[in-house]
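K.L.:
See data-v9.txt below, with compact mmCIF, C-alpha atoms and all ligand atoms.
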# COMPACT_ATOMS: atom_id res chain seq x y z
CA MET A 1 125.96 114.69 65.10
CA GLN A 2 124.86 118.30 65.43
CA TYR A 3 126.22 120.55 68.21
CA ARG A 4 124.82 123.61 69.98
CA THR A 5 126.64 126.24 72.03
CA VAL A 6 126.25 126.83 75.77
CA PRO A 7 125.74 130.61 75.97
CA LYS A 8 127.75 131.29 79.12
CA ASN A 9 130.86 129.18 78.46
CA GLY A 10 131.00 128.47 74.73
CA ASP A 11 130.97 124.66 75.13
CA GLU A 12 129.80 122.91 72.00
CA LEU A 13 127.52 120.12 73.22
CA SER A 14 126.05 117.34 71.13
CA ILE A 15 122.29 117.82 70.70
CA LEU A 16 121.89 114.22 71.86
CA GLY A 17 123.02 113.49 75.40
CA PHE A 18 123.31 109.97 76.78
CA GLY A 19 121.01 109.57 79.79
CA CYS A 20 122.19 106.85 82.18
CA MET A 21 118.89 106.44 84.03
CA ARG A 22 117.62 103.49 82.06
CA LEU A 23 120.77 101.47 81.44
CA PRO A 24 120.17 97.87 80.30
CA MET A 25 119.67 95.35 83.10
CA LYS A 26 120.37 91.65 83.42
CA ASP A 27 119.48 89.43 86.40
CA GLY A 28 118.54 92.49 88.49
CA ARG A 29 121.84 94.31 87.88
CA ILE A 30 123.14 96.67 85.22
CA ASP A 31 124.23 94.68 82.21
CA GLU A 32 127.71 96.16 82.39
CA ILE A 33 129.10 94.88 79.11
CA ARG A 34 126.13 96.12 77.09
CA ALA A 35 125.83 99.42 78.97
CA ILE A 36 129.51 100.29 78.52
CA SER A 37 129.42 99.27 74.89
CA GLN A 38 126.33 101.46 74.25
CA ILE A 39 127.82 104.50 76.01
CA ARG A 40 131.15 104.19 74.18
CA HIS A 41 129.42 103.60 70.85
CA ALA A 42 127.42 106.81 71.32
CA ILE A 43 130.60 108.73 72.23
CA ASP A 44 132.40 107.27 69.20
CA HIS A 45 129.57 108.69 67.08
CA GLY A 46 129.72 112.21 68.45
CA VAL A 47 127.84 112.27 71.78
CA ASN A 48 129.84 114.42 74.20
CA TYR A 49 127.41 114.84 77.13
CA VAL A 50 126.60 111.99 79.51
CA ASP A 51 124.12 112.39 82.34
CA THR A 52 123.70 110.37 85.50
CA ALA A 53 122.51 110.90 89.08
CA TRP A 54 122.95 109.50 92.59
CA PRO A 55 119.85 107.24 92.64
CA TYR A 56 119.83 106.00 89.04
CA ARG A 57 119.77 102.23 88.75
CA GLY A 58 119.81 101.82 92.53
CA GLY A 59 123.02 103.82 92.84
CA GLY A 60 124.81 101.74 90.21
CA SER A 61 124.69 104.24 87.36
CA GLU A 62 127.46 106.59 88.55
CA PRO A 63 130.10 103.89 89.12
CA LEU A 64 129.13 102.20 85.86
CA LEU A 65 129.58 105.47 84.01
CA GLY A 66 132.94 105.93 85.70
CA ARG A 67 134.06 102.57 84.33
CA ALA A 68 132.60 103.33 80.88
CA LEU A 69 134.72 106.51 80.76
CA GLN A 70 138.02 104.74 81.38
CA ASP A 71 140.38 104.00 78.47
CA GLY A 72 140.43 107.62 77.32
CA TYR A 73 136.68 108.24 77.13
CA ARG A 74 136.58 110.65 80.08
CA ASP A 75 138.40 113.32 78.07
CA LYS A 76 135.90 113.06 75.21
CA VAL A 77 132.79 114.01 77.20
CA LYS A 78 131.24 116.43 79.64
CA VAL A 79 129.97 114.51 82.67
CA ALA A 80 126.73 115.60 84.35
CA THR A 81 125.48 114.33 87.69
CA LYS A 82 123.20 115.67 90.39
CA LEU A 83 123.15 116.46 94.10
CA PRO A 84 120.32 114.34 95.58
CA SER A 85 118.53 117.32 97.10
CA TRP A 86 115.94 115.24 98.98
CA MET A 87 118.75 113.54 100.96
CA ILE A 88 120.39 116.78 102.08
CA LYS A 89 119.94 117.70 105.74
CA SER A 90 122.89 120.05 106.25
CA ARG A 91 125.48 122.15 104.41
CA GLU A 92 128.08 119.45 105.17
CA ASP A 93 125.94 116.83 103.40
CA MET A 94 126.44 118.68 100.12
CA ASP A 95 130.23 118.32 100.22
CA ARG A 96 129.90 114.75 101.44
CA TYR A 97 127.69 113.67 98.55
CA LEU A 98 129.80 115.49 95.96
CA ALA A 99 132.96 113.79 97.29
CA ALA A 100 131.25 110.41 97.10
CA GLN A 101 130.10 111.12 93.54
CA LEU A 102 133.58 112.15 92.39
CA ALA A 103 134.87 108.87 93.81
CA LYS A 104 132.09 106.81 92.22
CA LEU A 105 132.68 108.44 88.85
CA GLY A 106 136.48 108.15 89.15
CA THR A 107 137.03 111.79 88.23
CA ASP A 108 138.34 114.93 89.94
CA HIS A 109 135.64 117.22 88.56
CA ILE A 110 132.02 117.18 87.40
CA ASP A 111 131.57 119.27 84.26
CA TYR A 112 127.86 119.91 84.72
CA TYR A 113 126.55 119.55 88.27
CA LEU A 114 122.84 119.87 88.97
CA ILE A 115 120.77 120.30 92.08
CA HIS A 116 118.39 117.44 91.42
CA THR A 117 114.62 117.66 90.97
CA LEU A 118 113.90 121.09 92.45
CA ASP A 119 110.51 122.60 93.02
CA GLY A 120 109.79 125.82 94.89
CA PRO A 121 109.68 124.47 98.47
CA LEU A 122 112.71 122.23 97.95
CA TRP A 123 114.69 125.16 96.55
CA ASP A 124 113.78 127.21 99.63
CA THR A 125 115.08 124.40 101.84
CA MET A 126 118.29 124.08 99.86
CA GLU A 127 118.89 127.81 100.02
CA ARG A 128 118.35 127.78 103.77
CA LEU A 129 120.90 124.98 104.06
CA GLY A 130 123.49 126.99 102.12
CA VAL A 131 123.43 125.58 98.59
CA SER A 132 124.60 128.87 97.01
CA ASP A 133 127.70 128.86 99.20
CA PHE A 134 128.28 125.20 98.35
CA LEU A 135 128.07 125.86 94.61
CA ASP A 136 130.30 128.95 94.84
CA ARG A 137 133.01 127.04 96.68
CA ALA A 138 132.80 123.84 94.63
CA THR A 139 133.05 125.90 91.44
CA ALA A 140 135.94 128.01 92.76
CA ASP A 141 138.01 124.99 93.77
CA GLY A 142 137.23 123.10 90.57
CA ARG A 143 135.21 120.17 91.92
CA ILE A 144 132.44 121.30 89.62
CA VAL A 145 132.75 123.36 86.47
CA ASN A 146 129.20 124.47 85.70
CA ALA A 147 126.27 124.74 88.11
CA GLY A 148 122.69 123.97 87.14
CA PHE A 149 119.47 122.47 88.40
CA SER A 150 116.78 120.11 87.23
CA PHE A 151 113.18 121.11 87.78
CA HIS A 152 109.86 119.39 88.49
CA GLY A 153 107.79 122.16 90.05
CA LEU A 154 105.39 124.89 88.98
CA GLY A 155 106.09 127.56 86.36
CA PRO A 156 106.37 130.61 88.68
CA ASP A 157 108.84 128.77 90.91
CA PHE A 158 110.95 127.94 87.86
CA LYS A 159 111.47 131.61 87.04
CA ARG A 160 112.23 132.35 90.68
CA ILE A 161 114.93 129.66 90.76
CA VAL A 162 116.40 130.76 87.42
CA ASP A 163 116.87 134.24 88.87
CA ALA A 164 118.17 133.09 92.27
CA TYR A 165 121.68 131.97 91.28
CA PRO A 166 124.09 132.55 88.34
CA TRP A 167 123.33 129.16 86.81
CA VAL A 168 125.02 128.08 83.59
CA PHE A 169 122.25 125.63 82.69
CA CYS A 170 119.01 124.02 83.72
CA GLN A 171 117.23 120.80 82.92
CA ILE A 172 113.48 120.68 82.28
CA GLN A 173 110.89 118.16 81.22
CA TYR A 174 109.75 119.14 77.74
CA ASN A 175 107.94 117.37 74.93
CA PHE A 176 104.94 118.09 72.74
CA LEU A 177 102.52 117.05 75.50
CA ASP A 178 104.15 119.11 78.24
CA GLN A 179 104.22 122.54 76.66
CA GLU A 180 102.24 123.97 79.57
CA TYR A 181 103.42 121.60 82.30
CA GLN A 182 106.08 122.41 84.92
CA ALA A 183 108.54 124.88 83.30
CA GLY A 184 106.88 124.37 79.90
CA ALA A 185 107.37 126.48 76.79
CA GLU A 186 107.28 129.67 78.83
CA GLY A 187 110.04 128.41 81.12
CA LEU A 188 112.14 127.26 78.17
CA LYS A 189 111.99 130.72 76.63
CA TYR A 190 112.62 132.39 79.98
CA ALA A 191 115.72 130.35 80.74
CA ALA A 192 117.09 130.94 77.25
CA SER A 193 116.44 134.67 77.59
CA ARG A 194 118.65 134.58 80.71
CA ASP A 195 121.40 132.84 78.69
CA LEU A 196 120.99 129.48 80.39
CA ALA A 197 121.68 126.38 78.36
CA VAL A 198 118.57 124.23 78.47
CA ILE A 199 118.85 120.45 78.73
CA VAL A 200 115.59 118.69 77.93
CA MET A 201 114.66 115.52 79.77
CA GLU A 202 111.73 113.24 79.05
CA PRO A 203 111.52 114.15 75.34
CA LEU A 204 109.50 110.94 74.94
CA ARG A 205 107.69 111.22 78.30
CA GLY A 206 109.36 108.14 79.73
CA GLY A 207 109.29 106.44 76.32
CA ASN A 208 105.52 106.68 76.02
CA LEU A 209 105.48 109.15 73.12
CA GLY A 210 107.80 106.85 71.20
CA LEU A 211 105.78 103.66 71.49
CA ALA A 212 105.91 101.77 68.21
CA THR A 213 102.20 101.05 68.77
CA PRO A 214 100.62 104.25 70.10
CA PRO A 215 96.93 104.49 71.04
CA PRO A 216 94.96 103.79 67.80
CA ALA A 217 93.60 107.35 67.49
CA VAL A 218 97.15 108.69 67.68
CA GLY A 219 98.51 106.07 65.28
CA GLU A 220 95.94 107.15 62.65
CA LEU A 221 97.22 110.71 62.78
CA TRP A 222 100.86 109.70 62.41
CA ASP A 223 99.90 107.39 59.53
CA GLY A 224 98.31 110.33 57.70
CA ALA A 225 101.53 112.37 57.66
CA HIS A 226 102.99 113.19 54.25
CA VAL A 227 106.42 112.12 55.48
CA ARG A 228 107.00 108.75 57.15
CA ARG A 229 108.64 109.07 60.56
CA THR A 230 108.53 106.89 63.62
CA PRO A 231 106.82 108.38 66.70
CA VAL A 232 110.32 108.64 68.25
CA GLU A 233 111.57 110.70 65.32
CA TRP A 234 108.56 113.03 65.40
CA ALA A 235 108.95 113.62 69.13
CA LEU A 236 112.73 114.21 69.07
CA ARG A 237 112.63 116.43 65.99
CA TRP A 238 109.90 118.49 67.62
CA VAL A 239 112.14 119.18 70.65
CA TRP A 240 115.20 119.95 68.52
CA ASN A 241 113.11 122.29 66.41
CA HIS A 242 113.33 124.79 69.30
CA PRO A 243 116.46 126.98 69.04
CA GLU A 244 116.30 127.52 72.83
CA VAL A 245 117.03 123.82 73.46
CA THR A 246 120.73 123.02 73.84
CA LEU A 247 120.42 119.25 73.94
CA LEU A 248 118.02 116.52 74.88
CA LEU A 249 118.68 113.48 76.99
CA SER A 250 117.57 110.13 75.77
CA GLY A 251 117.63 107.18 78.14
CA MET A 252 118.81 104.55 75.70
CA ASN A 253 118.98 100.91 76.76
CA GLU A 254 118.73 99.02 73.49
CA GLU A 255 121.36 99.15 70.78
CA SER A 256 118.58 99.97 68.32
CA HIS A 257 117.61 103.03 70.42
CA VAL A 258 121.17 104.31 70.26
CA GLU A 259 121.33 103.82 66.49
CA GLU A 260 117.95 105.42 65.85
CA ASN A 261 118.68 108.44 68.04
CA LEU A 262 122.15 108.94 66.57
CA ALA A 263 120.74 108.85 63.04
CA ILE A 264 118.07 111.45 63.84
CA ALA A 265 120.60 113.68 65.64
CA ASP A 266 122.75 113.77 62.49
CA THR A 267 120.17 115.77 60.57
CA ALA A 268 117.96 117.61 63.08
CA HIS A 269 118.20 121.41 63.09
CA ALA A 270 116.26 124.13 64.86
CA GLY A 271 113.43 125.44 62.71
CA ASP A 272 113.44 122.38 60.43
CA LEU A 273 109.79 121.40 60.80
CA THR A 274 107.30 122.95 58.40
CA GLY A 275 104.08 124.61 59.51
CA GLU A 276 102.18 121.57 58.29
CA GLU A 277 104.38 119.23 60.32
CA LEU A 278 104.06 121.34 63.45
CA ALA A 279 100.28 121.37 63.00
CA LEU A 280 100.29 117.58 62.81
CA VAL A 281 102.28 117.27 66.03
CA ASP A 282 99.82 119.68 67.67
CA ARG A 283 96.92 117.49 66.52
CA VAL A 284 98.62 114.44 68.01
CA GLY A 285 99.17 116.35 71.25
CA ARG A 286 95.49 117.32 71.35
CA LYS A 287 94.48 113.71 70.75
CA TYR A 288 96.59 112.59 73.70
CA HIS A 289 94.99 115.29 75.80
CA GLU A 290 91.52 113.98 74.81
CA LEU A 291 92.56 110.65 76.30
CA MET A 292 93.29 112.34 79.62
CA LYS A 293 90.93 111.83 82.55
CA VAL A 294 91.26 115.38 83.88
CA GLY A 295 91.69 118.52 81.78
CA CYS A 296 94.34 119.90 84.15
CA THR A 297 97.04 122.01 82.51
CA GLY A 298 99.31 121.98 85.58
CA CYS A 299 99.11 125.77 85.91
CA GLY A 300 99.17 125.59 89.71
CA TYR A 301 96.67 128.41 90.30
CA CYS A 302 94.80 126.12 92.70
CA MET A 303 97.86 125.87 94.93
CA PRO A 304 98.65 125.90 97.76
CA CYS A 305 95.94 123.62 99.10
CA PRO A 306 95.37 124.18 102.84
CA ALA A 307 95.31 120.42 103.39
CA GLY A 308 98.59 119.95 101.51
CA VAL A 309 97.32 118.13 98.41
CA SER A 310 99.71 118.45 95.44
CA ILE A 311 96.73 118.93 93.14
CA PRO A 312 98.42 119.24 89.71
CA ASP A 313 100.75 116.33 90.44
CA CYS A 314 97.85 114.09 91.48
CA PHE A 315 96.07 114.81 88.19
CA ASP A 316 99.24 114.41 86.16
CA PHE A 317 99.80 110.87 87.47
CA TYR A 318 96.14 109.98 86.91
CA ASN A 319 96.31 111.27 83.32
CA LYS A 320 99.57 109.47 82.63
CA MET A 321 97.91 106.21 83.50
CA SER A 322 94.83 106.84 81.35
CA MET A 323 96.93 107.85 78.33
CA PHE A 324 99.72 105.31 78.46
CA GLY A 325 98.84 102.49 80.84
CA ASN A 326 101.92 101.27 82.76
CA ALA A 327 99.75 101.24 85.87
CA GLU A 328 102.26 99.72 88.27
CA VAL A 329 105.09 102.10 87.32
CA VAL A 330 102.80 105.14 87.54
CA LYS A 331 101.44 104.06 90.94
CA LEU A 332 104.93 103.51 92.32
CA THR A 333 106.04 106.92 91.09
CA TYR A 334 102.90 108.52 92.55
CA ALA A 335 103.55 106.88 95.92
CA LEU A 336 107.14 108.11 95.95
CA ARG A 337 106.72 111.65 94.71
CA MET A 338 103.70 112.31 96.91
CA SER A 339 105.22 110.92 100.09
CA ASP A 340 107.28 112.91 102.58
CA GLU A 341 109.88 110.15 102.64
CA LEU A 342 112.00 111.18 99.71
CA ILE A 343 111.52 114.49 97.99
CA ASN A 344 108.77 116.55 99.60
CA SER A 345 108.94 117.90 103.11
CA LYS A 346 105.22 117.14 103.46
CA PRO A 347 103.02 114.52 101.82
CA GLY A 348 100.78 115.63 98.94
CA TYR A 349 98.46 112.66 98.41
CA ALA A 350 94.99 113.11 96.94
CA SER A 351 93.53 111.47 100.05
CA LEU A 352 94.51 114.52 102.11
CA CYS A 353 91.69 116.47 100.44
CA THR A 354 89.02 117.54 102.93
CA ALA A 355 86.68 118.77 100.19
CA CYS A 356 86.79 122.28 101.65
CA GLY A 357 86.28 123.75 98.17
CA ALA A 358 88.87 126.52 98.57
CA CYS A 359 90.53 125.57 95.27
CA LEU A 360 87.41 125.54 93.11
CA ASP A 361 87.16 129.22 92.19
CA LYS A 362 90.87 129.40 91.41
CA CYS A 363 90.86 126.81 88.61
CA PRO A 364 90.67 128.43 85.15
CA GLN A 365 89.64 125.06 83.72
CA HIS A 366 86.68 124.86 86.13
CA ILE A 367 87.68 121.39 87.20
CA SER A 368 85.67 119.81 89.97
CA ILE A 369 88.90 119.24 91.87
CA PRO A 370 87.67 117.34 94.99
CA ASP A 371 85.58 114.95 92.85
CA PHE A 372 88.49 114.10 90.60
CA LEU A 373 90.80 113.76 93.58
CA ALA A 374 88.39 111.14 94.96
CA GLU A 375 88.88 109.23 91.69
CA VAL A 376 92.65 109.53 92.07
CA VAL A 377 92.41 108.07 95.59
CA ALA A 378 90.34 105.13 94.38
CA VAL A 379 92.69 104.31 91.53
CA MET A 380 96.16 105.24 92.82
CA GLU A 381 96.16 104.74 96.55
CA PRO A 382 95.28 101.12 97.29
CA GLY A 383 98.62 99.53 98.29
CA LEU A 384 100.24 102.92 98.85
CA LYS A 385 102.21 102.05 102.00
CA GLU A 386 103.78 99.02 100.38
CA ARG A 387 104.84 101.08 97.37
CA VAL A 388 106.44 103.76 99.54
CA ALA A 389 108.40 101.05 101.36
CA MET A 390 109.53 99.63 98.03
CA GLY A 391 110.55 103.10 96.84
CA LYS A 392 112.61 103.72 99.97
CA GLN A 393 114.51 100.54 99.27
CA LEU A 394 115.14 101.65 95.72
CA PHE A 395 116.17 105.26 96.28
CA LYS A 396 117.50 105.83 99.76
CA ILE A 397 121.14 105.01 99.34
CA GLU A 398 123.52 106.51 101.87
CA PRO A 399 127.04 107.52 100.83
CA LYS A 400 129.65 105.06 102.02
S1 LIG B 501 88.95 120.98 98.13
FE1 LIG B 501 90.58 119.55 98.61
S2 LIG B 501 92.19 120.02 97.13
FE2 LIG B 501 90.77 121.77 97.12
S3 LIG B 501 91.69 123.21 98.60
FE3 LIG B 501 90.20 121.96 99.74
S4 LIG B 501 91.41 120.27 100.57
FE4 LIG B 501 92.63 121.23 98.96
S1 LIG B 502 93.45 121.84 88.83
FE1 LIG B 502 93.01 123.70 87.65
S2 LIG B 502 94.13 125.32 88.74
FE2 LIG B 502 94.91 123.38 89.49
S3 LIG B 502 96.71 123.00 88.21
FE3 LIG B 502 94.99 121.96 87.24
S4 LIG B 502 94.17 123.41 85.75
FE4 LIG B 502 95.49 124.58 87.13
Can the structure in the file be given as structure tokens, please?
P.N.:
Amino acid sequence: MQYRTVPKNGDELSILGFGCMRLPMKDGRIDEIRAISQIRHAIDHGVNYVDTAWPYRGGGSEPLLGRALQDGYRDKVKVATKLPSWMIKSREDMDRYLAAQLAKLGTDHIDYYLIHTLDGPLWDTMERLGVSDFLDRATADGRIVNAGFSFHGLGPDFKRIVDAYPWVFCQIQYNFLDQEYQAGAEGLKYAASRDLAVIVMEPLRGGNLGLATPPPAVGELWDGAHVRRTPVEWALRWVWNHPEVTLLLSGMNEESHVEENLAIADTAHAGDLTGEELALVDRVGRKYHELMKVGCTGCGYCMPCPAGVSIPDCFDFYNKMSMFGNAEVVKLTYALRMSDELINSKPGYASLCTACGACLDKCPQHISIPDFLAEVVAVMEPGLKERVAMGKQLFKIEPK
């Protein structure tokens, strides 16, 4: 296992973190024996950062991790979990959720505590509710050790949030397809320049970049490489090639995933990939982009839309489906993220578009935004209400 240093506190963290979002399931519940065995096996082989969150696995991930860290394992790792920002309605809620999480995890402190899934508007809400005061106090009294945030918004908001609090770390989505999406490469460099440790999530874009059988046009490119690597290895090595990345989280739920990731993490260093290898990964990225329906880069210049449409998010979901399939999962995620039930304060569905045209001149890609949004409506929105209801069941878990 390789380790990298957190600039602000000197912690040496394993470059592979264990993500507890996709723990193995059996009969509709976490397969506890397998999950604990996988987590402990990873720790025994050098992983020292484990990441969970309030809603993962229907609320079962945090208590499962607490049990996995019994028998002496708690002292071997840094535990990361996240304040469910979309559930927070008051300053008191923040302390209430943190207390519940400490109890669920069976610990008296969280080593790395994140404000979960921020974007610009959600950060503004959290600030208004007093999140800075909450983090100051929880850090001072030792309930949390290091404060950070995870991000799913637009680039300019990322920089604003980085500069708004003395964070120790942040967590961003980053992989060779998302170099210009959300925080992107620019955000990665910006956070590192401010001495934040950067945790990378979605290095395989929900597993899609690591499919053993990628789209044929992509498979041909990988097959032409001078060195044989699985798509997983290419994608992970590409992330670790960045010196600004502290560690990446892999949501492992098969023993073979754990073994493969551990083996790659033994030998991956920043700056390892040759120019030829980086060019190949770029070609693969471009091929994936050719498979996209809409040439949206997620820059956000078209925002805000007066009707409230979350334009880049709508196109991102539509593209995900055209590149990788998984239609039902993508539609459920679209229904949830675009609704005002969970994360956003207002809905952002494509169907809110009134075709006013105000966004058209702002798009550097000259995308016919209302026309493509109409396609998104036709493909993603039939059955929307039912999916939102299903999502509420899955994610809205009140603290006991
Ligand atoms: S055309 Fe549609 S997406 Fe564009 S600004 Fe008007 S309502 Fe918003
Ligand atoms: S639609 Fe155009 S302006 Fe809007 S995020 Fe996409 S590329 Fe940027």
K.L.:
Quick one: which chain A residues come within 7 Å of ligand LIG 502 (chain B), and what is the nearest atom pair for each with the distance in Å to one decimal, counting only C-alpha atoms and all ligand atoms, rows ordered by chain and ascending number, as CSV?
P.N.:
residue,atom,partner,partner_atom,distance
A:Gly295,CA,B:LIG502,S4,6.8
A:Cys296,CA,B:LIG502,FE3,3.8
A:Thr297,CA,B:LIG502,S4,4.5
A:Gly298,CA,B:LIG502,S3,3.8
A:Cys299,CA,B:LIG502,FE4,4.0
A:Gly300,CA,B:LIG502,S3,3.9
A:Tyr301,CA,B:LIG502,S2,4.3
A:Cys302,CA,B:LIG502,S2,4.1
A:Met303,CA,B:LIG502,FE2,6.7
A:Ile311,CA,B:LIG502,FE2,6.0
A:Pro312,CA,B:LIG502,S3,4.4
A:Lys362,CA,B:LIG502,S2,5.9
A:Cys363,CA,B:LIG502,S2,3.6
A:Pro364,CA,B:LIG502,FE1,5.8
A:Gln365,CA,B:LIG502,S4,5.2
A:His366,CA,B:LIG502,FE1,6.6
A:Ile367,CA,B:LIG502,FE1,5.8
A:Ile369,CA,B:LIG502,S1,6.1
K.L.:
Given all atoms listed in the file as the basis, pick out the residue of A:Ile15, A:Ala355, A:Ile172, A:Val388 nearest to ligand LIG 501 (chain B).
P.N.:
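Among the listed residues, the smallest separation from ligand LIG 501 (chain B) belongs to A:Ala355.
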K.L.:
Counting all atoms listed in the file, which residues in chain A sit no more than 9 Å from ligand LIG 501 (chain B)? For each one, give the nearest pair of atoms and the distance in Å, sorted by chain then residue number, as a Markdown table.
P.N.:
| residue | atom | partner | partner_atom | distance |
| --- | --- | --- | --- | --- |
| A:Cys302 | CA | B:LIG501 | S3 | 7.3 |
| A:Met303 | CA | B:LIG501 | S3 | 7.7 |
| A:Pro304 | CA | B:LIG501 | S3 | 7.5 |
| A:Cys305 | CA | B:LIG501 | FE4 | 4.1 |
| A:Pro306 | CA | B:LIG501 | FE4 | 5.6 |
| A:Ala307 | CA | B:LIG501 | S4 | 4.8 |
| A:Gly308 | CA | B:LIG501 | FE4 | 6.6 |
| A:Val309 | CA | B:LIG501 | S2 | 5.6 |
| A:Ser310 | CA | B:LIG501 | S2 | 7.9 |
| A:Ile311 | CA | B:LIG501 | S2 | 6.1 |
| A:Ala350 | CA | B:LIG501 | S2 | 7.5 |
| A:Ser351 | CA | B:LIG501 | FE1 | 8.7 |
| A:Leu352 | CA | B:LIG501 | S4 | 6.7 |
| A:Cys353 | CA | B:LIG501 | FE1 | 3.8 |
| A:Thr354 | CA | B:LIG501 | S4 | 4.3 |
| A:Ala355 | CA | B:LIG501 | S1 | 3.8 |
| A:Cys356 | CA | B:LIG501 | FE3 | 3.9 |
| A:Gly357 | CA | B:LIG501 | S1 | 3.8 |
| A:Ala358 | CA | B:LIG501 | S3 | 4.3 |
| A:Cys359 | CA | B:LIG501 | FE2 | 4.2 |
| A:Leu360 | CA | B:LIG501 | FE2 | 6.4 |
| A:Ser368 | CA | B:LIG501 | S1 | 8.9 |
| A:Ile369 | CA | B:LIG501 | FE2 | 6.1 |
| A:Pro370 | CA | B:LIG501 | S1 | 5.0 |
| A:Asp371 | CA | B:LIG501 | S1 | 8.7 |
| A:Leu373 | CA | B:LIG501 | S2 | 7.3 |
K.L.:
What is the distance between CA of Lys159 (chain A) and CA of Ile110 (chain A), in Å to one decimal?
P.N.:
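A separation of 25.1 Å between them.
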K.L.:
If you take all atoms listed in the file and a cut-off of 9 Å, which residues of region 17-57 of chain A touch region 247-268 of chain A, and what are their nearest atom pairs and distances in Å to one decimal, in chain and number order, as CSV?
P.N.:
residue,atom,partner,partner_atom,distance
A:Gly17,CA,A:Leu249,CA,4.6
A:Phe18,CA,A:Leu249,CA,5.8
A:Gly19,CA,A:Gly251,CA,4.5
A:Cys20,CA,A:Gly251,CA,6.1
A:Met21,CA,A:Gly251,CA,6.1
A:Arg22,CA,A:Gly251,CA,5.4
A:Leu23,CA,A:Asn253,CA,5.0
A:Pro24,CA,A:Asn253,CA,4.8
A:Met25,CA,A:Asn253,CA,8.5
A:Arg34,CA,A:Glu255,CA,8.5
A:Ala35,CA,A:Asn253,CA,7.4
A:Gln38,CA,A:Glu255,CA,6.5
A:Ile39,CA,A:Val258,CA,8.8
A:His41,CA,A:Val258,CA,8.3
A:Ala42,CA,A:Val258,CA,6.8
A:His45,CA,A:Leu262,CA,7.4
A:Gly46,CA,A:Leu262,CA,8.5
A:Val47,CA,A:Leu262,CA,8.4
A:Tyr49,CA,A:Leu249,CA,8.8
A:Val50,CA,A:Leu249,CA,8.4
A:Asp51,CA,A:Leu249,CA,7.7
K.L.:
Counting only C-alpha atoms, which of A:Val284, A:Trp234, A:Gly348, A:Leu332 gets nearest to Lys385 (chain A)?
P.N.:
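Between A:Val284, A:Trp234, A:Gly348, A:Leu332, the residue approaching Lys385 (chain A) most closely is A:Leu332.
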